[in-house]
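What follows is a short report on a single structure.
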Amino acid sequence: MNAFLEIRNLCVTLKGGAPILRNVSLSVSAGQVHGLVGESGAGKSMIGKAVLGTLPRALAVTRGEIWLDGVDLQTLRPAERRRRIGASAALIPQDPLTALNPARRIGPQITRRLVDILGWSRADAEARALELLAEVQIPDPARVMRSYPHELSGGMRQRILIAAAFAAEPKLIIADEPTTALDVTVQKQILRLIADMQTRHGTALLFVTHDLGVVSKVCDTLSVLYAGKVVEEAQMRRFFMHPIHPYSAALLAATPSYKDPEGSLTPVPQSVIDQVEREVTDHDRRAGL
Amino acid sequence: MYQVRDLRLSFPDMTRKPLFGAAPRIEILRGLSFDVSKGAVLGIVGGSGSGKSTLGRTMLRLLEPTGGSITFNGRDITHLEEDALRPMRAQMQMIFQDPMSSLNPRRQVGGIIAGPLRVQGHDGIPAKVTEALDMVGLPRSFANRYPHELSGGQRQRVGIARAIALRPEFILADEIVSGLDVSSQAQVLNLLQELVRELGLTLAFISHDMSVIRRLCDQIIVLYQGEIVEQAQTADLFAAPQAEYTRTLLDAIPLPDPDQVWA
Amino acid sequence: MRDARGDVKRPIGLRLWLSGGWLILLVLAALLAPWIAPQDPLAQDLFTSRLPPFWEAGAEPGYWLGSDSLGRDVLSRIIHGARLALIVALVAGTLTCVIGTALGLIAGYYRGWPDRIISRFVDIWMAFPPVLFAILLIAVLGTGLTSIIIAIVVIDWTRFARVIRAEAMTQGAMDYVASAQVAGRKRMGTMLTEILPNVLPTIIALLTLEMGIAVIVEAILSFVNLSISTDSPTWGGMISEGRTSVHQAWWVLVFPLITLFLTVLSFSQLGEGLKDRFDPVLR
């Protein structure tokens with residue numbers, strides 16, 4: 001198997017009831033960026049959370065396999081699973097404001113994972129953190145290490161979170177809407193930084209976003225989700241030239257584009273929604289839900 | 001309809017207040033001048049910290065300017081007291097960014113829409129509420145629902161219904177689609193466009209999204225750090241952006257197009 | 001778009017049933033005290049002194065929870081004591097709530113000079129040690145039901161004022177308040193129709209908590225003999241008397257203590273339960 005992350009028929013449900021993810025399958029190889037696209041409630045963030053083992057308490061994986069680096073995580077004991085995930089995967093979170101502890105200096109927040117989980121010495125971890133902060137183009141890294149989060153701008157904080165994610169050289173990074181909270185001009189810098197870092201380190205990247213514009217800039221492949229079901233999986237370029245599923249096409253037509261004021265921002269037709277809803281219902285019936 | 005001249009607004013910065021004496025002031029708006037003519041759809045665009053939301057709230061006199069003047073329908077409202085403003089409020093309404101925060105969670109939709117009508121002393125309120133629901137394309141039965149029982153797009157329609165129920169001349173829309181999914185974004189924009197045409201509204205539309213602004217507005221003001229850096233007709237601005245900042249802003253937008261030059 | 005996140009159901013709280021049940025029982029006991037109490041709570045009879053509760057050897061029928069050193073029935077005294085405890089809880093709790101909430105709302109919503117005055121006042125007030133303050137007040141006002149209620153209100157209104165002020169400030173920053181201003185609603189109207197309903201769950205939780213506290217304060221004052229005259233039975237008085245004979249007759253101390261504990265716990269749990277139940281946003 002060459003994919004670093006491979007998800008097969010993953011089902012996640014609300015405990016005692018409604019399905020959240022419906023038979024999701026996808027794979028990401030080293031050096032590849034896979035986008036997860038969908039509207040709010042489509043379950044795109046839940047895939048990343050299922051992989052990292054951080055699903056909300058009310059949700060549970062009921063079926064399916066998550067293969068990370070050739071091992072099915074679902075077959076491992078919880079402690080072993082956590083160790084494996086901690087050693088080979090990392091998260092770039094959505095909100096740089098809440099993802100950093102406001103009461104602690106930046107330095108320990110980057111090095112903590114290296115020291116606590118991977119058993120590095122403090123000096124090594126700090127040297128590595130300095131190196132990474134320089135790599136994410138933060139001026140005067142030594143000073144930033146001693147700063148508190150509130151002393152830094154949103155863009156700076158997101159750079160720090162990127163540095164922290166890459167610190168332990170993970171083979172897989174899950175980026176959960178990493179630029180949604182940022183201005184477009186900052187978003188551009190951050191997206192390019194993530195893409196650069198990912199290429200340089202050869203990381204597999206699972207990129208969760210609601211913005212097809214962003215997908216067209218960073219992803220190689222993508223899955224479009226509706227109600228926790230993959231409606232289309234595609235190569236990026238092929239998707240934008242020729243989306244196959246009507247829902248994908250409608251989503252693309254709804255995405256704003258100032259270059260194309262007539263063809264963009266078109267509401268998703270009710271007939272298309274009816275069709276995907278029907279597909280989801282059919283799926284549930286076949287799955288006996 | 002609106003004449004804004006050299007508008008300034010600053011807040012005291014309490015985090016840097018010395019032990020004695022006045023706190024230094026942060027300037028949010030630094031001398032803005034522009035007009036909004038009747039029937040215009042004006043886009044106000046800028047990044048975070050550009051002062052665009054503050055400008056909107058100052059135009060509606062939810063905030064009092066520290067300098068300059070605002071004239072609405074020929075009347076100077078710059079420093080008007082709340083009591084004097086109250087009767088004029090029926091003419092200037094606002095749609096808020098976050099419908100979850102702007103709709104009182106303890107009120108049913110019908111009550112939310114009826115609120116302003118009641119305050120302004122209208123009669124035949126139930127009929128007007130129903131009419132407003134019809135106009136924004138919500139089922140009449142929604143009058144008995146609570147905001148948390150609606151989807152994001154539906155909540156924003158309630159916000160629009162509340163604003164148009166009074167039949168104002170002017171509406172300010174502050175980032176009203178930024179929290180919505182693209183599919184509801186498109187629907188809400190279409191609805192707003194229709195209402196502007198049908199009711200002959202004047203609209204100021206605040207957004208950070210150039211694509212949305214282009215779709216809706218006929219004039220644009222670009223704000224950067226509390227100053228107007230560009231002011232133009234929509235077609236002209238997109239054909240030939242003048243200010244450096246406008247160009248940077250446009251270049252940064254990731255279009256859903258793999259061939260866009262975006263380096 | 002289907003969205004399963006709204007499907008989470010909140011089970012009806014067991015604690016609401018339990019706490020509500022206990023309090024209803026207590027209210028009934030207080031209302032029907034003269035008819036259901038097995039003995040006269042004040043009747044002394046040295047022949048029946050220190051009778052143990054019904055399951056121990058030497059118990060007398062009619063004295064279910066035993067009797068004290070003067071031969072008074074413990075159960076009857078607890079039932080009669082509920083009257084005073086509940087009157088204090090209701091009257092003192094409600095008065096405290098009304099005064100504290102009004103001041104807190106004004107401070108938190110109007111801000112400016114009303115806030116400065118009220119907040120300074122609260123700060124100064126809270127610097128007094130509360131129990132000492134209460135004892136001092138009773139000493140000045142004289143013992144009696146009214147004095148106890150006044151003492152509780154005077155000491156505890158600050159609790160409401162502070163919490164409600166913070167809550168009103170949070171709510172005041174919400175856009176629905178700005179929206180009411182855009183509609184031209186007057187500030188007083190906005191405070192009463194927009195902010196108050198949203199602060200209500202907090203008020204209810206605080207109110208029930210305050211009722212529990214009032215019961216405790218009353219018991220403390222009885223304990224130090226500063227409550228109503230020693231004739232009428234109070235839980236605090238019983239605990240105080242039971243303490244002296246705990247080695248010979250533990251039941252005189254333990255039963256009123258359990259009643260007090262359950263009552264205070266029920267009040268606070270009732271508040272939490274109601275808050276969950278009547279919050280449309282949480283539900």
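By order of appearance in the structure tokens: chains A, B, ..., then residues from 1 within every chain, and ligands from 1 in the order shown.
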
With a distance threshold of 6 Å and counting only C-alpha atoms, extract the residues of chain A near chain B and express them as number ranges by chain. A: 39, 183-185, 188, 212-214, 216, 254-258, 261, 265-268

Which of segment 120-186 of chain A counts as alpha helix (DSSP H) under DSSP, as a PyMOL selection string please? chain A and resi 122-135+141-145+154-166+184-186

Residues from last step as file, C-alpha atoms, as a PDB file, in the first residue's frame:
```pdb
ATOM      1  CA  ARG A 122      14.516  20.372  25.983  1.00  0.00           C
ATOM      2  CA  ALA A 123      17.557  21.914  24.259  1.00  0.00           C
ATOM      3  CA  ASP A 124      17.028  19.904  21.079  1.00  0.00           C
ATOM      4  CA  ALA A 125      13.360  20.785  21.032  1.00  0.00           C
ATOM      5  CA  GLU A 126      14.106  24.469  21.436  1.00  0.00           C
ATOM      6  CA  ALA A 127      16.710  24.441  18.675  1.00  0.00           C
ATOM      7  CA  ARG A 128      14.201  22.713  16.429  1.00  0.00           C
ATOM      8  CA  ALA A 129      11.474  25.254  17.306  1.00  0.00           C
ATOM      9  CA  LEU A 130      13.766  28.175  16.440  1.00  0.00           C
ATOM     10  CA  GLU A 131      14.640  26.540  13.140  1.00  0.00           C
ATOM     11  CA  LEU A 132      10.961  26.037  12.312  1.00  0.00           C
ATOM     12  CA  LEU A 133       9.915  29.552  13.245  1.00  0.00           C
ATOM     13  CA  ALA A 134      12.571  30.796  10.843  1.00  0.00           C
ATOM     14  CA  GLU A 135      11.236  28.388   8.240  1.00  0.00           C
ATOM     15  CA  PRO A 141      12.199  33.814  16.282  1.00  0.00           C
ATOM     16  CA  ALA A 142      14.017  33.999  19.611  1.00  0.00           C
ATOM     17  CA  ARG A 143      11.869  36.926  20.706  1.00  0.00           C
ATOM     18  CA  VAL A 144       8.657  35.287  19.480  1.00  0.00           C
ATOM     19  CA  MET A 145       9.454  32.156  21.514  1.00  0.00           C
ATOM     20  CA  GLY A 154      -3.651  36.446  13.735  1.00  0.00           C
ATOM     21  CA  GLY A 155      -1.411  35.681  10.764  1.00  0.00           C
ATOM     22  CA  MET A 156       1.630  35.300  13.026  1.00  0.00           C
ATOM     23  CA  ARG A 157      -0.241  32.950  15.310  1.00  0.00           C
ATOM     24  CA  GLN A 158      -1.328  30.806  12.379  1.00  0.00           C
ATOM     25  CA  ARG A 159       2.345  30.641  11.270  1.00  0.00           C
ATOM     26  CA  ILE A 160       3.251  29.452  14.751  1.00  0.00           C
ATOM     27  CA  LEU A 161       0.583  26.762  14.627  1.00  0.00           C
ATOM     28  CA  ILE A 162       1.963  25.648  11.274  1.00  0.00           C
ATOM     29  CA  ALA A 163       5.466  25.506  12.755  1.00  0.00           C
ATOM     30  CA  ALA A 164       4.128  23.508  15.699  1.00  0.00           C
ATOM     31  CA  ALA A 165       2.353  21.089  13.358  1.00  0.00           C
ATOM     32  CA  PHE A 166       5.520  20.423  11.352  1.00  0.00           C
ATOM     33  CA  VAL A 184      -7.669  37.324   2.157  1.00  0.00           C
ATOM     34  CA  THR A 185      -4.262  38.955   1.917  1.00  0.00           C
ATOM     35  CA  VAL A 186      -3.019  37.020   4.939  1.00  0.00           C
TER      36      VAL A 186
END
```

Using only C-alpha atoms and a distance of at most 9 Å, pull out the residues of chain B that contact chain C, as an MDAnalysis selection string. chainID B and resid 60:62 82:83 85:90 92:107 115:117 119:120 146:149 151 163 166

Generate the output file for the selected residues, C-alpha atoms, as a short mmCIF file (atom, residue, chain, number, x, y, z; two decimals), in the first residue's frame.
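What ended up in part33.cif:
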```cif
data_model
loop_
_atom_site.label_atom_id
_atom_site.label_comp_id
_atom_site.auth_asym_id
_atom_site.auth_seq_id
_atom_site.Cartn_x
_atom_site.Cartn_y
_atom_site.Cartn_z
CA LEU B 60 -26.71 54.65 11.67
CA ARG B 61 -25.62 56.64 14.71
CA LEU B 62 -25.19 53.59 16.93
CA GLU B 82 -31.24 59.42 20.78
CA ASP B 83 -34.68 60.98 21.41
CA LEU B 85 -33.05 60.17 16.27
CA ARG B 86 -35.83 57.80 17.28
CA PRO B 87 -38.45 58.99 14.76
CA MET B 88 -35.82 58.93 11.97
CA ARG B 89 -34.87 55.34 12.77
CA ALA B 90 -37.80 54.00 10.75
CA MET B 92 -32.67 53.72 8.31
CA GLN B 93 -32.50 50.04 9.11
CA MET B 94 -29.72 47.52 9.48
CA ILE B 95 -29.12 43.84 8.77
CA PHE B 96 -26.48 42.35 11.01
CA GLN B 97 -23.59 40.01 10.35
CA ASP B 98 -24.35 37.28 12.81
CA PRO B 99 -28.04 36.40 12.80
CA MET B 100 -27.57 34.25 15.88
CA SER B 101 -26.48 37.27 17.88
CA SER B 102 -28.84 39.78 16.28
CA LEU B 103 -32.01 37.75 16.75
CA ASN B 104 -33.13 37.57 20.35
CA PRO B 105 -32.99 33.83 21.14
CA ARG B 106 -36.00 34.07 23.48
CA ARG B 107 -38.37 35.48 20.88
CA GLY B 115 -40.68 44.44 17.30
CA PRO B 116 -39.65 47.49 15.24
CA LEU B 117 -43.20 47.91 13.90
CA VAL B 119 -41.92 50.46 18.60
CA GLN B 120 -42.63 52.78 15.69
CA TYR B 146 -37.42 30.31 17.53
CA PRO B 147 -34.20 31.46 15.82
CA HIS B 148 -32.29 28.37 16.91
CA GLU B 149 -34.78 26.21 15.03
CA SER B 151 -30.79 27.26 9.40
CA ALA B 163 -35.33 45.43 8.36
CA LEU B 166 -40.66 49.16 8.36
#
```

Test item: residues at most 10 Å from Gly56 of chain B, only C-alpha atoms, excluding those fewer than 3 positions along its chain, as a PyMOL selection string: chain B and resi 44+51-53+59-63+94+172-174+204-206

Write out the residues from the selection above, keeping C-alpha atoms, as an mmCIF file, in the first residue's frame.
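Contents of the output file part-v2.cif:
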```
data_model
loop_
_atom_site.group_PDB
_atom_site.id
_atom_site.type_symbol
_atom_site.label_atom_id
_atom_site.label_comp_id
_atom_site.auth_asym_id
_atom_site.auth_seq_id
_atom_site.Cartn_x
_atom_site.Cartn_y
_atom_site.Cartn_z
ATOM 1 C CA ILE B 44 -17.921 49.138 1.416
ATOM 2 C CA GLY B 51 -13.045 50.255 10.167
ATOM 3 C CA LYS B 52 -15.793 49.177 7.782
ATOM 4 C CA SER B 53 -18.172 47.917 10.467
ATOM 5 C CA MET B 59 -23.727 56.059 9.757
ATOM 6 C CA LEU B 60 -26.709 54.649 11.670
ATOM 7 C CA ARG B 61 -25.622 56.638 14.713
ATOM 8 C CA LEU B 62 -25.191 53.588 16.926
ATOM 9 C CA LEU B 63 -21.865 55.298 17.561
ATOM 10 C CA MET B 94 -29.717 47.524 9.483
ATOM 11 C CA LEU B 172 -27.176 48.957 5.928
ATOM 12 C CA ALA B 173 -26.097 45.342 5.498
ATOM 13 C CA ASP B 174 -23.017 44.457 7.545
ATOM 14 C CA ALA B 204 -24.900 50.172 1.833
ATOM 15 C CA PHE B 205 -23.360 46.717 1.734
ATOM 16 C CA ILE B 206 -20.334 46.070 3.904
#
```

To one decimal place, how far is atom CA of Leu114 of chain A from atom CA of Gly86 of chain A in Å? 9.9 Å

Residue hits in chain A, query chain C, radius 10 Å, only C-alpha atoms, as a PyMOL selection string: chain A and resi 13-20+39-43+58+226-228+273-274+276-277+280

For atom CA of Gly137 of chain B and atom CA of Ala161 of chain B, the interatomic separation in Å (one decimal):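 If I compute the distance from atom CA of Gly137 of chain B to atom CA of Ala161 of chain B, I get 9.4 Å.
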
Nearest candidate to Tyr2 of chain B (options B:Glu227, B:Glu169, B:Asp35, B:Glu194; using only C-alpha atoms):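 Looking only at the distances to Tyr2 of chain B, the closest residue turns out to be B:Asp35.
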
Fewer than 4 positions away in the same chain doesn't count, so skip those; otherwise give me all residues within 9 Å of Val136 of chain B, counting only C-alpha atoms, as number ranges by chain. B: 131-132, 157-158, 160-161, 188, 191-192, 195

I'd like to know which residues of segment 77-278 of chain A are strand (DSSP E or B) (by DSSP, run on the backbone); could you write them as number ranges by chain? A: 89-92, 172-176, 204-209, 221-226, 229-235

Write the residues you've just listed into a file as a PDB file, in the first residue's frame, and include C-alpha atoms for each of them.
```
ATOM      1  CA  ALA A  89       0.118  12.961  12.459  1.00  0.00           C
ATOM      2  CA  ALA A  90      -0.522  16.593  13.423  1.00  0.00           C
ATOM      3  CA  LEU A  91      -3.248  19.181  13.149  1.00  0.00           C
ATOM      4  CA  ILE A  92      -3.322  22.763  11.893  1.00  0.00           C
ATOM      5  CA  LEU A 172       0.391  13.373   7.820  1.00  0.00           C
ATOM      6  CA  ILE A 173      -1.019  16.802   8.568  1.00  0.00           C
ATOM      7  CA  ILE A 174      -4.696  17.569   8.845  1.00  0.00           C
ATOM      8  CA  ALA A 175      -5.482  21.228   8.198  1.00  0.00           C
ATOM      9  CA  ASP A 176      -8.999  22.085   9.389  1.00  0.00           C
ATOM     10  CA  ALA A 204       0.623  13.971   3.190  1.00  0.00           C
ATOM     11  CA  LEU A 205      -1.924  16.747   3.758  1.00  0.00           C
ATOM     12  CA  LEU A 206      -5.646  16.416   4.341  1.00  0.00           C
ATOM     13  CA  PHE A 207      -7.075  19.884   3.760  1.00  0.00           C
ATOM     14  CA  VAL A 208     -10.578  20.610   5.087  1.00  0.00           C
ATOM     15  CA  THR A 209     -12.231  23.707   3.614  1.00  0.00           C
ATOM     16  CA  THR A 221      -7.266  15.622  -5.335  1.00  0.00           C
ATOM     17  CA  LEU A 222     -10.515  16.260  -3.487  1.00  0.00           C
ATOM     18  CA  SER A 223     -13.676  14.689  -2.098  1.00  0.00           C
ATOM     19  CA  VAL A 224     -16.961  16.568  -2.107  1.00  0.00           C
ATOM     20  CA  LEU A 225     -19.171  15.694   0.845  1.00  0.00           C
ATOM     21  CA  TYR A 226     -22.872  16.034   1.394  1.00  0.00           C
ATOM     22  CA  LYS A 229     -21.377  11.004   2.158  1.00  0.00           C
ATOM     23  CA  VAL A 230     -18.745  11.424  -0.534  1.00  0.00           C
ATOM     24  CA  VAL A 231     -20.664  12.529  -3.633  1.00  0.00           C
ATOM     25  CA  GLU A 232     -17.607  12.924  -5.835  1.00  0.00           C
ATOM     26  CA  GLU A 233     -13.926  12.137  -5.599  1.00  0.00           C
ATOM     27  CA  ALA A 234     -11.736  13.692  -8.259  1.00  0.00           C
ATOM     28  CA  GLN A 235      -8.412  14.985  -9.503  1.00  0.00           C
TER      29      GLN A 235
END
```

Skip Ile99 of chain C itself and residues of its chain fewer than 6 positions away, then list as a short mmCIF file (atom, residue, chain, number, x, y, z; two decimals) with N, CA and C atoms, in the first residue's frame all residues within 12 Å of it, counting only C-alpha atoms.
```cif
data_model
loop_
_atom_site.label_atom_id
_atom_site.label_comp_id
_atom_site.auth_asym_id
_atom_site.auth_seq_id
_atom_site.Cartn_x
_atom_site.Cartn_y
_atom_site.Cartn_z
N ALA C 92 -37.03 36.24 51.87
CA ALA C 92 -35.70 36.82 51.79
C ALA C 92 -35.10 36.59 50.41
N GLY C 93 -35.27 35.36 49.86
CA GLY C 93 -34.73 35.05 48.54
C GLY C 93 -35.29 35.98 47.49
N LEU C 105 -28.85 44.88 36.59
CA LEU C 105 -29.27 45.17 35.21
C LEU C 105 -28.93 46.61 34.84
N ILE C 106 -29.26 47.51 35.75
CA ILE C 106 -29.00 48.93 35.46
C ILE C 106 -27.51 49.17 35.27
N ILE C 118 -23.00 52.00 41.47
CA ILE C 118 -23.44 50.69 41.97
C ILE C 118 -22.26 49.77 42.22
N VAL C 153 -31.30 40.06 53.22
CA VAL C 153 -31.39 40.90 52.02
C VAL C 153 -30.22 41.89 51.98
N VAL C 154 -29.99 42.53 53.10
CA VAL C 154 -28.95 43.55 53.16
C VAL C 154 -27.57 42.97 52.85
N ILE C 155 -27.35 41.73 53.30
CA ILE C 155 -26.02 41.14 53.06
C ILE C 155 -25.89 40.61 51.64
N ASP C 156 -26.95 39.99 51.12
CA ASP C 156 -26.76 39.15 49.94
C ASP C 156 -27.15 39.76 48.60
N TRP C 157 -27.71 40.98 48.60
CA TRP C 157 -28.10 41.54 47.30
C TRP C 157 -26.91 41.70 46.38
N THR C 158 -25.70 41.84 46.96
CA THR C 158 -24.52 42.07 46.12
C THR C 158 -24.22 40.87 45.23
N ARG C 159 -24.55 39.67 45.72
CA ARG C 159 -24.30 38.47 44.92
C ARG C 159 -25.04 38.59 43.58
N PHE C 160 -26.33 38.96 43.67
CA PHE C 160 -27.11 39.13 42.45
C PHE C 160 -26.57 40.27 41.61
N ALA C 161 -26.32 41.39 42.26
CA ALA C 161 -25.91 42.58 41.51
C ALA C 161 -24.67 42.28 40.67
N ARG C 162 -23.71 41.58 41.27
CA ARG C 162 -22.47 41.32 40.53
C ARG C 162 -22.67 40.39 39.34
N ILE C 164 -25.50 39.47 37.79
CA ILE C 164 -26.43 39.98 36.78
C ILE C 164 -25.79 41.12 36.00
N ILE C 203 -30.99 34.31 36.59
CA ILE C 203 -31.70 34.81 37.76
C ILE C 203 -32.35 33.66 38.52
N LEU C 207 -31.61 32.62 42.20
CA LEU C 207 -32.69 32.76 43.17
C LEU C 207 -32.81 31.50 44.02
#
```

Between atom CA of Ile213 of chain C and atom CA of Ala89 of chain C, what is the distance in Å, rounded to a tenth?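 Interatomic distance here is 7.9 Å.
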
Could you pull the residues within 8 Å of Thr48 of chain C, counting only C-alpha atoms, minus those fewer than 6 positions along the same chain, as an mmCIF file with C-alpha atoms, in the first residue's frame?
```
data_model
loop_
_atom_site.group_PDB
_atom_site.id
_atom_site.type_symbol
_atom_site.label_atom_id
_atom_site.label_comp_id
_atom_site.auth_asym_id
_atom_site.auth_seq_id
_atom_site.Cartn_x
_atom_site.Cartn_y
_atom_site.Cartn_z
ATOM 1 C CA SER C 67 -37.473 13.087 71.273
ATOM 2 C CA LEU C 70 -37.125 17.975 77.203
ATOM 3 C CA GLY C 71 -39.277 15.227 75.720
ATOM 4 C CA ARG C 72 -40.299 17.167 72.590
#
```

Which of these residues is nearest to Leu257 of chain C, using only C-alpha atoms: C:Ser147, C:Val74, C:Ile87, C:Ser49?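 Between C:Ser147, C:Val74, C:Ile87, C:Ser49, the residue approaching Leu257 of chain C most closely is C:Val74.
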